[in-house]
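Engineer: Contents of query-v4.txt (compact mmCIF, C-alpha atoms):
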# COMPACT_ATOMS: atom_id res chain seq x y z
CA MET A 1353 -30.90 -29.80 26.57
CA ASN A 1354 -33.43 -32.51 27.37
CA LEU A 1355 -36.03 -32.79 24.63
CA SER A 1356 -37.81 -35.87 25.93
CA SER A 1357 -40.89 -33.88 26.98
CA LEU A 1358 -40.64 -31.10 24.39
CA ASP A 1359 -43.80 -30.05 22.55
CA TRP A 1360 -42.50 -30.30 18.99
CA ALA A 1361 -45.82 -29.15 17.55
CA ALA A 1362 -45.48 -25.90 19.51
CA VAL A 1363 -41.90 -25.32 18.32
CA THR A 1364 -42.89 -25.99 14.71
CA ARG A 1365 -45.91 -23.67 14.94
CA LEU A 1366 -43.84 -20.87 16.47
CA ARG A 1367 -41.10 -21.19 13.88
CA GLU A 1368 -43.66 -20.97 11.08
CA ILE A 1369 -45.06 -17.77 12.63
CA PHE A 1370 -41.60 -16.24 12.87
CA LEU A 1371 -40.67 -17.19 9.30
CA GLU A 1372 -43.93 -15.77 7.98
CA GLY A 1373 -43.21 -12.42 9.62
CA GLY A 1374 -45.52 -9.47 9.38
CA PRO A 1375 -47.34 -7.55 12.11
CA GLN A 1376 -48.71 -9.75 14.89
CA ARG A 1377 -51.85 -8.36 16.48
CA ARG A 1378 -52.27 -11.19 18.98
CA ALA A 1379 -49.85 -13.02 21.25
CA TYR A 1380 -48.80 -16.39 19.82
CA TRP A 1381 -48.09 -18.00 23.19
CA THR A 1382 -50.96 -20.35 24.10
CA SER A 1383 -49.52 -22.00 27.24
CA PRO A 1384 -46.45 -22.13 29.48
CA ALA A 1385 -45.45 -25.24 27.50
CA ASP A 1386 -45.07 -23.05 24.40
CA LEU A 1387 -42.65 -20.78 26.24
CA HIS A 1388 -40.73 -23.71 27.72
CA ALA A 1389 -40.32 -25.32 24.31
CA TYR A 1390 -39.28 -22.03 22.73
CA ASP A 1391 -36.83 -21.18 25.51
CA LEU A 1392 -34.97 -24.47 25.07
CA THR A 1393 -34.70 -24.28 21.28
CA LEU A 1394 -35.46 -21.19 19.21
CA GLY A 1395 -34.87 -18.90 22.17
CA GLU A 1396 -31.51 -20.49 22.90
CA ARG A 1397 -30.39 -19.81 19.32
CA ILE A 1398 -31.31 -16.16 19.82
CA GLY A 1399 -29.30 -16.30 23.03
CA TRP A 1400 -26.22 -17.26 21.00
CA LYS A 1401 -26.64 -14.09 18.93
CA TRP A 1402 -26.81 -12.07 22.14
CA ASP A 1403 -23.68 -13.86 23.37
CA ALA A 1404 -21.77 -12.56 20.33
CA VAL A 1405 -22.90 -8.97 20.91
CA LEU A 1406 -22.26 -9.06 24.65
CA ALA A 1407 -18.83 -10.65 24.27
CA GLU A 1408 -17.76 -7.76 22.07
CA LEU A 1409 -19.14 -5.13 24.46
CA THR A 1410 -17.54 -6.64 27.55
CA ALA A 1411 -14.21 -7.12 25.75
CA ALA A 1412 -14.28 -3.41 24.88
CA GLY A 1413 -14.91 -2.54 28.53
CA TRP A 1414 -18.37 -1.04 27.96
CA LYS A 1415 -21.25 -1.62 30.34
CA PRO A 1416 -24.71 -0.05 30.65
CA PRO A 1417 -25.34 2.64 33.27
CA ALA A 1418 -26.44 1.38 36.67
CA GLY A 1419 -30.20 1.28 37.14
CA PRO A 1420 -33.18 -0.82 36.10
CA LEU A 1421 -33.15 -3.16 33.11
CA VAL A 1422 -36.29 -3.22 30.95
CA ASP A 1423 -36.80 -6.28 28.72
CA PHE A 1424 -39.29 -5.06 26.12
CA GLY A 1425 -41.28 -7.73 24.26
CA CYS A 1426 -39.58 -10.17 26.59
CA GLY A 1427 -41.05 -13.45 25.33
CA SER A 1428 -39.39 -16.14 27.40
CA GLY A 1429 -36.90 -13.56 28.75
CA VAL A 1430 -33.79 -15.00 27.11
CA ALA A 1431 -32.39 -11.60 26.04
CA GLY A 1432 -32.72 -10.00 29.46
CA ARG A 1433 -31.17 -13.02 31.18
CA ARG A 1434 -28.19 -12.96 28.80
CA VAL A 1435 -27.60 -9.26 29.49
CA ILE A 1436 -27.77 -9.75 33.27
CA ALA A 1437 -25.37 -12.70 33.08
CA ALA A 1438 -22.90 -10.70 30.96
CA PHE A 1439 -22.72 -7.58 33.16
CA GLY A 1440 -23.67 -9.08 36.52
CA ALA A 1441 -26.90 -8.74 38.47
CA GLY A 1442 -25.23 -6.07 40.62
CA GLN A 1443 -25.14 -3.72 37.62
CA PHE A 1444 -28.94 -3.45 37.69
CA SER A 1445 -31.30 -2.28 40.42
CA ALA A 1446 -34.25 -4.30 39.08
CA LEU A 1447 -35.51 -6.29 36.11
CA ARG A 1448 -38.72 -4.98 34.53
CA LEU A 1449 -40.49 -7.20 31.99
CA HIS A 1450 -43.00 -6.16 29.36
CA ASP A 1451 -44.84 -8.27 26.82
CA ARG A 1452 -48.32 -8.15 25.34
CA SER A 1453 -48.70 -11.70 26.68
CA GLY A 1454 -49.19 -12.15 30.40
CA LEU A 1455 -48.09 -15.77 29.96
CA ALA A 1456 -44.75 -14.59 28.61
CA GLU A 1457 -44.25 -12.05 31.39
CA SER A 1458 -44.97 -14.70 34.03
CA PHE A 1459 -42.64 -17.26 32.45
CA ALA A 1460 -39.80 -14.78 31.99
CA LEU A 1461 -40.15 -13.51 35.55
CA GLY A 1462 -40.04 -17.05 36.92
CA ARG A 1463 -36.90 -17.97 34.98
CA ALA A 1464 -35.16 -14.76 36.02
CA ARG A 1465 -35.94 -15.41 39.68
CA GLU A 1466 -34.47 -18.91 39.38
CA LEU A 1467 -31.18 -17.58 38.01
CA PHE A 1468 -30.92 -14.20 39.78
CA PRO A 1469 -32.82 -14.57 43.06
CA ASP A 1470 -31.34 -11.39 44.55
CA LEU A 1471 -32.38 -9.14 41.67
CA PRO A 1472 -35.86 -7.63 42.16
CA GLY A 1473 -38.11 -8.44 39.23
CA SER A 1474 -41.56 -7.26 38.21
CA VAL A 1475 -43.87 -6.69 35.27
CA LEU A 1476 -43.80 -3.27 33.61
CA GLY A 1477 -47.43 -2.42 32.88
CA ALA A 1478 -48.61 -0.58 29.79
CA ALA A 1479 -49.62 2.52 31.78
CA GLU A 1480 -46.13 2.91 33.27
CA LEU A 1481 -44.47 2.14 29.94
CA GLU A 1482 -46.49 4.87 28.26
CA GLY A 1483 -45.71 7.44 30.96
CA ASP A 1484 -42.94 10.00 30.78
CA GLY A 1485 -40.42 8.84 33.40
CA PRO A 1486 -36.97 7.41 32.64
CA LEU A 1487 -36.88 3.68 31.84
CA GLY A 1488 -33.25 2.70 32.46
CA THR A 1489 -31.47 0.30 30.10
CA MET A 1490 -33.75 -1.24 27.48
CA VAL A 1491 -33.22 -4.68 25.98
CA ILE A 1492 -35.08 -5.31 22.71
CA SER A 1493 -34.87 -8.52 20.72
CA HIS A 1494 -36.42 -9.71 17.46
CA VAL A 1495 -39.48 -7.44 17.42
CA LEU A 1496 -39.32 -5.20 14.34
CA SER A 1497 -40.59 -7.73 11.80
CA GLU A 1498 -43.71 -8.24 13.94
CA MET A 1499 -44.56 -4.54 14.17
CA ALA A 1500 -46.62 -2.21 12.02
CA GLU A 1501 -45.14 1.22 11.34
CA ARG A 1502 -47.16 2.90 14.09
CA ASP A 1503 -45.94 0.31 16.62
CA ARG A 1504 -42.34 0.92 15.57
CA ALA A 1505 -42.82 4.66 16.01
CA GLN A 1506 -44.26 4.07 19.47
CA LEU A 1507 -41.29 1.88 20.40
CA VAL A 1508 -38.87 4.62 19.34
CA ARG A 1509 -40.75 6.99 21.66
CA PHE A 1510 -40.22 4.51 24.51
CA VAL A 1511 -36.53 4.22 23.65
CA ARG A 1512 -36.11 8.00 23.88
CA ARG A 1513 -36.70 7.61 27.64
CA ALA A 1514 -33.96 4.99 28.04
CA THR A 1515 -30.47 5.58 29.41
CA ALA A 1516 -29.03 2.87 27.16
CA VAL A 1517 -30.37 0.44 24.56
CA LEU A 1518 -29.20 -3.02 23.54
CA TRP A 1519 -31.12 -4.19 20.48
CA VAL A 1520 -30.71 -7.37 18.41
CA GLU A 1521 -32.69 -8.30 15.29
CA PRO A 1522 -32.49 -11.05 12.64
CA GLY A 1523 -29.78 -10.40 10.06
CA THR A 1524 -32.14 -9.87 7.12
CA HIS A 1525 -32.00 -6.95 4.73
CA ALA A 1526 -35.39 -5.67 5.91
CA ASP A 1527 -34.62 -5.92 9.63
CA SER A 1528 -31.20 -4.34 9.21
CA ARG A 1529 -32.67 -1.44 7.28
CA ALA A 1530 -35.36 -0.96 9.93
CA LEU A 1531 -32.68 -0.86 12.63
CA ILE A 1532 -30.68 1.67 10.61
CA ALA A 1533 -33.79 3.87 10.54
CA VAL A 1534 -33.96 3.66 14.35
CA ARG A 1535 -30.28 4.60 14.58
CA GLU A 1536 -30.78 7.65 12.37
CA ALA A 1537 -33.77 8.78 14.42
CA LEU A 1538 -31.85 8.54 17.70
CA ARG A 1539 -28.20 9.34 16.98
CA GLY A 1540 -28.68 13.01 17.88
CA GLU A 1541 -29.65 12.04 21.43
CA PHE A 1542 -27.56 8.91 21.93
CA GLU A 1543 -23.96 7.93 21.46
CA VAL A 1544 -23.75 5.00 19.03
CA ILE A 1545 -21.69 2.41 20.90
CA ALA A 1546 -21.92 -0.47 18.41
CA PRO A 1547 -21.77 -1.80 15.77
CA CYS A 1548 -20.85 1.56 14.26
CA THR A 1549 -17.40 3.03 14.61
CA HIS A 1550 -18.78 6.58 14.29
CA CYS A 1551 -21.93 8.64 14.94
CA GLU A 1552 -22.21 10.09 11.44
CA ALA A 1553 -25.00 9.22 9.02
CA CYS A 1554 -25.01 5.52 8.13
CA GLY A 1555 -22.97 4.90 4.98
CA LEU A 1556 -25.47 2.28 3.84
CA LEU A 1557 -27.99 5.07 3.21
CA ALA A 1558 -26.06 6.14 0.13
CA PRO A 1559 -28.22 5.45 -2.96
CA GLU A 1560 -25.69 3.05 -4.44
CA ARG A 1561 -25.82 0.92 -1.26
CA ALA A 1562 -29.56 0.22 -1.28
CA ALA A 1563 -29.03 -3.52 -1.82
CA ASP A 1564 -26.55 -3.84 1.07
CA TRP A 1565 -27.21 -4.23 4.76
CA CYS A 1566 -25.46 -4.32 8.14
CA HIS A 1567 -25.34 -7.87 9.47
CA PHE A 1568 -23.04 -10.28 11.25
CA PHE A 1569 -22.82 -13.95 12.18
CA GLY A 1570 -22.79 -15.47 15.63
CA ARG A 1571 -21.12 -18.72 16.57
CA PRO A 1572 -23.08 -21.47 18.30
CA PRO A 1573 -21.30 -23.43 21.03
CA TRP A 1574 -19.24 -26.18 19.42
CA GLU A 1575 -20.76 -28.81 21.74
CA ILE A 1576 -24.13 -28.67 19.99
CA PHE A 1577 -22.71 -30.32 16.90
CA THR A 1578 -22.18 -33.55 18.86
CA ASP A 1579 -25.41 -33.25 20.85
CA PRO A 1580 -28.13 -35.65 19.60
CA ASN A 1581 -30.83 -33.34 20.96
CA TRP A 1582 -29.70 -30.46 18.78
CA SER A 1583 -29.32 -32.83 15.82
CA GLU A 1584 -32.95 -33.84 16.27
CA PHE A 1585 -33.98 -30.20 16.49
CA ALA A 1586 -32.13 -29.37 13.26
CA GLN A 1587 -33.63 -32.32 11.41
CA ARG A 1588 -37.19 -31.79 12.58
CA LEU A 1589 -37.27 -28.08 11.79
CA GLY A 1590 -34.84 -27.95 8.87
CA VAL A 1591 -32.54 -25.52 10.69
CA ASP A 1592 -28.89 -25.02 9.78
CA LEU A 1593 -27.28 -24.83 13.23
CA ARG A 1594 -24.19 -23.13 11.79
CA SER A 1595 -26.09 -20.10 10.51
CA LEU A 1596 -26.73 -17.31 13.05
CA PRO A 1597 -27.12 -14.04 11.15
CA PHE A 1598 -28.08 -10.97 13.14
CA SER A 1599 -28.08 -7.19 13.18
CA PHE A 1600 -27.67 -5.13 16.32
CA LEU A 1601 -27.55 -1.65 17.75
CA VAL A 1602 -26.19 -0.40 21.10
CA LEU A 1603 -26.83 3.18 22.22
CA GLN A 1604 -26.11 5.20 25.35
CA ARG A 1605 -27.74 8.53 26.14
CA ARG A 1606 -25.24 11.37 25.87
CA SER A 1607 -26.43 12.90 29.14
CA GLU A 1608 -25.40 9.67 30.88
CA GLY A 1609 -21.76 10.57 30.34
CA ALA A 1610 -21.27 8.19 27.44
CA ALA A 1611 -17.78 8.32 26.04
CA SER A 1612 -17.28 7.83 22.33
CA SER A 1613 -17.75 4.34 20.96
CA PRO A 1614 -14.99 1.90 21.97
CA ALA A 1615 -14.57 1.28 18.25
CA THR A 1616 -14.03 4.92 17.22
CA GLY A 1617 -11.45 5.15 14.44
CA LEU A 1618 -11.68 1.48 13.54
CA SER A 1619 -13.20 -0.25 10.52
CA ARG A 1620 -15.85 -2.96 10.88
CA THR A 1621 -16.33 -5.92 8.57
CA LEU A 1622 -19.96 -6.35 7.52
CA GLY A 1623 -21.21 -9.84 6.73
CA ARG A 1624 -18.43 -12.27 5.81
CA ALA A 1625 -15.25 -11.66 3.86
CA ARG A 1626 -15.01 -13.36 0.45
CA VAL A 1627 -11.77 -15.31 0.40
CA TYR A 1628 -10.02 -16.23 -2.84
CA LYS A 1629 -6.65 -17.73 -3.65
CA GLY A 1630 -4.09 -15.19 -2.52
CA TYR A 1631 -6.46 -12.42 -1.48
CA ALA A 1632 -9.72 -11.58 0.27
CA LYS A 1633 -12.40 -8.97 -0.37
CA ILE A 1634 -13.89 -7.34 2.70
CA PHE A 1635 -17.04 -5.21 2.88
CA ALA A 1636 -15.93 -2.62 5.42
CA CYS A 1637 -17.61 0.28 7.24
CA ASP A 1638 -15.98 3.26 8.94
CA ALA A 1639 -16.43 7.00 9.28
CA GLY A 1640 -15.41 7.41 5.65
CA GLY A 1641 -18.29 5.30 4.37
CA VAL A 1642 -18.97 1.75 3.30
CA GLY A 1643 -17.18 -0.11 0.55
CA GLU A 1644 -15.20 -3.15 -0.51
CA VAL A 1645 -11.49 -3.37 0.23
CA MET A 1646 -8.94 -6.02 -0.70
CA LEU A 1647 -6.38 -7.68 1.55
CA GLN A 1648 -3.51 -9.53 -0.13
CA LYS A 1649 -2.33 -12.74 1.48
CA ARG A 1650 1.31 -11.71 1.12
CA ASP A 1651 0.65 -8.46 3.01
CA ALA A 1652 -0.86 -10.19 6.06
CA PRO A 1653 -0.70 -14.00 5.87
CA GLU A 1654 -1.96 -14.55 9.42
CA HIS A 1655 -4.90 -12.25 8.94
CA TYR A 1656 -5.69 -13.85 5.59
CA LYS A 1657 -5.77 -17.25 7.26
CA ALA A 1658 -8.05 -15.92 10.01
CA LEU A 1659 -10.43 -14.61 7.35
CA LYS A 1660 -10.35 -17.95 5.57
CA ASP A 1661 -11.11 -19.79 8.81
CA GLY A 1662 -13.85 -17.35 9.79
CA GLU A 1663 -11.92 -16.28 12.89
CA SER A 1664 -10.97 -12.71 12.03
CA PRO A 1665 -12.06 -10.07 14.58
CA PRO A 1666 -14.83 -7.83 13.19
CA LEU A 1667 -12.97 -4.62 14.04
CA GLN A 1668 -9.68 -3.59 12.44
CA ARG A 1669 -7.40 -0.62 12.08
CA TRP A 1670 -6.26 -0.50 8.47
CA ARG A 1671 -3.55 1.27 6.55
CA ARG A 1672 -5.20 2.03 3.23
CA GLU A 1673 -3.53 2.20 -0.17
CA GLY A 1674 -6.46 2.94 -2.47
CA ASP A 1675 -8.83 -0.02 -2.12
CA ARG A 1676 -6.05 -2.21 -0.74
CA VAL A 1677 -5.60 -2.54 3.03
CA ARG A 1678 -3.02 -3.81 5.47
CA PRO A 1679 -4.07 -4.47 9.07
CA LEU A 1680 -2.14 -2.67 11.80
Using structure tokens, write down the structure from this file.

Structural biologist:
Amino acid sequence: MNLSSLDWAAVTRLREIFLEGGPQRRAYWTSPADLHAYDLTLGERIGWKWDAVLAELTAAGWKPPAGPLVDFGCGSGVAGRRVIAAFGAGQFSALRLHDRSGLAESFALGRARELFPDLPGSVLGAAELEGDGPLGTMVISHVLSEMAERDRAQLVRFVRRATAVLWVEPGTHADSRALIAVREALRGEFEVIAPCTHCEACGLLAPERAADWCHFFGRPPWEIFTDPNWSEFAQRLGVDLRSLPFSFLVLQRRSEGAASSPATGLSRTLGRARVYKGYAKIFACDAGGVGEVMLQKRDAPEHYKALKDGESPPLQRWRREGDRVRPL
């Protein structure tokens, strides 16, 4: 990353808008320089969250149905580009970009053409988006906190026309809960591919779980911690480069021949395990619900060490003995 010509004022202004949250009635991009600055910094950090999601999906052998890819609320286009890179441009017949900002659509289209010159790309206009034809695979990233309720309801209507959906949001309680509401609205029509290991009602909707939420942590590339450009970014904006919380949802329409989730029958760790001397407590989700389980170091020393080092896979198959578990 070369920050010599970066517009720091633009990056700072954009970050303040994102931290403030709340419905945005107007586009916040004022120039291509805004998008360039965002794409190199804040957008790249969002890309690392997408990398974590896509690595899990590809490792499980899942891929979206062939057809067009729609990047909704594309911004600089980082989410759509990450998805194309993960599954290959040949998986998609075209890239369609939609944003309320024409500046953003133009920037995202230009970057996509640089990286994937053989993939047809175009802007998806509001009239076509609001039609009734199928949309293909939809990519949605970091939009819910900027939407009023009516805009969220409209987006869910758009999603109902998709063949598959890949959706990433910040890992806050509010954004996670909003994404859970989307899941519940759509799980009758779509197979839940991830992060859930089942298609039943979300266990976090139980009254006693109101304070909990479904979130995970991505890992930035290790090289950034020795990169003076990223050090300057962190210092100027007060960003902890190690922290990448996110929530996500991946759906595939049942009529598209979606098999059950690759994680069916497994248990997923939510958030981070709490590791103590000799044992760890894990907040786990599976078809039986959501709750805390305990893993003893003596039962699984290698897994305990992985939890302590933050390297444990998020999906496990447990043998349960009350609230005590042993990984299989």

Engineer: Could you check which of A:Ala1441, A:Cys1426, A:Leu1596, A:Ala1632 is closest to Met1490 (chain A), using only C-alpha atoms?

Structural biologist: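 When distances to Met1490 (chain A) are compared using only C-alpha atoms, the smallest one comes from A:Cys1426.
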
Engineer: Residues within 10 Å of region 1460-1477 of chain A, please, as an MDAnalysis selection string. Count only C-alpha atoms; anything in the same chain fewer than 5 positions from it doesn't count.

Structural biologist: chainID A and resid 1387:1388 1391 1420:1424 1426:1430 1432:1433 1436:1437 1440:1452 1454:1455 1482 1487

Engineer: Do you have the CA of Ala1563 (chain A)-CA of Arg1624 (chain A) distance handy?

Structural biologist: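 It comes out at 15.7 Å.
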
Engineer: Residues within 12 Å of region 1405-1414 of chain A, please, as JSON, numbers by chain. Count all atoms listed in the file; anything in the same chain fewer than 5 positions from it doesn't count.

Structural biologist: {"A": [1398, 1399, 1400, 1431, 1432, 1433, 1434, 1435, 1436, 1437, 1438, 1439, 1440, 1491, 1493, 1516, 1518, 1519, 1520, 1521, 1545, 1546, 1547, 1567, 1568, 1569, 1570, 1571, 1597, 1598, 1599, 1600, 1601, 1602, 1603, 1604, 1610, 1611, 1612, 1613, 1614, 1615, 1616, 1665, 1666, 1667]}

Engineer: What is the distance, in Å and to one decimal place, between CA of Trp1360 (chain A) and CA of Gly1590 (chain A)?

Structural biologist: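 Taking CA of Trp1360 (chain A) as the start and CA of Gly1590 (chain A) as the end point, the length is 12.9 Å.
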
Engineer: Measuring between all atoms listed in the file, which one of A:Pro1572, A:Gly1488, A:Gly1419, A:Pro1384 shows the shortest distance to Glu1457 (chain A)?

Structural biologist: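 Of the candidates, the smallest distance to Glu1457 (chain A) is held by A:Pro1384.
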
Engineer: Please indicate the distance in Å from CA of Pro1486 (chain A) to CA of Arg1513 (chain A), rounded to one decimal place.

Structural biologist: 5.0 Å

Engineer: Name the residues in contact with Ala1533 (chain A) at a cut-off of 10 Å, using only C-alpha atoms, excluding same-chain residues fewer than 5 positions from it; report them as a list of chain:residue names.

Structural biologist: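 Once the nearby chain positions are removed, what remains is A:Asp1527, A:Ser1528, A:Leu1538, A:Cys1554, A:Leu1557.
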
Engineer: Using only C-alpha atoms, find the one residue out of A:His1655, A:Ile1492, A:Phe1510, A:Glu1543 that sits nearest to Ala1478 (chain A).

Structural biologist: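 For Ala1478 (chain A), the nearest of the given residues is A:Phe1510.
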
Engineer: So that I can see what lies close to His1550 (chain A), please list as a list in words the residues with an atom at most 6 Å from it, counting only C-alpha atoms and leaving out residues fewer than 2 positions away in the same chain.

Structural biologist: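 Those residues are Cys1548, Glu1552, Thr1616 and Ala1639 of chain A.
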
Engineer: Can you spit out the residues from that selection as a PDB file, keeping the file's coordinate frame, using C-alpha atoms?

Structural biologist:
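The resulting file, result-v6.pdb, is reproduced below:
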ATOM      1  CA  CYS A1548     -20.850   1.560  14.260  1.00  0.00           C
ATOM      2  CA  GLU A1552     -22.210  10.090  11.440  1.00  0.00           C
ATOM      3  CA  THR A1616     -14.030   4.920  17.220  1.00  0.00           C
ATOM      4  CA  ALA A1639     -16.430   7.000   9.280  1.00  0.00           C
TER       5      ALA A1639
END

Engineer: Which residue gives the smallest distance to Ala1553 (chain A) among A:Arg1535, A:Lys1657, A:Lys1633, A:Arg1594, with all atoms listed in the file counted?

Structural biologist: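 Closest residue, counting all atoms listed in the file: A:Arg1535.
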
Engineer: Using only C-alpha atoms, determine which residues lie at most 8 Å from Tyr1656 (chain A), disregarding the query and same-chain residues fewer than 6 positions distant; provide the list as a short mmCIF file (atom, residue, chain, number, x, y, z; two decimals) with C-alpha atoms, in the coordinates of the input.

Structural biologist:
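Final file, part-v9.cif:
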data_model
loop_
_atom_site.label_atom_id
_atom_site.label_comp_id
_atom_site.auth_asym_id
_atom_site.auth_seq_id
_atom_site.Cartn_x
_atom_site.Cartn_y
_atom_site.Cartn_z
CA TYR A 1631 -6.46 -12.42 -1.48
CA ALA A 1632 -9.72 -11.58 0.27
CA LEU A 1647 -6.38 -7.68 1.55
CA GLN A 1648 -3.51 -9.53 -0.13
CA LYS A 1649 -2.33 -12.74 1.48
#
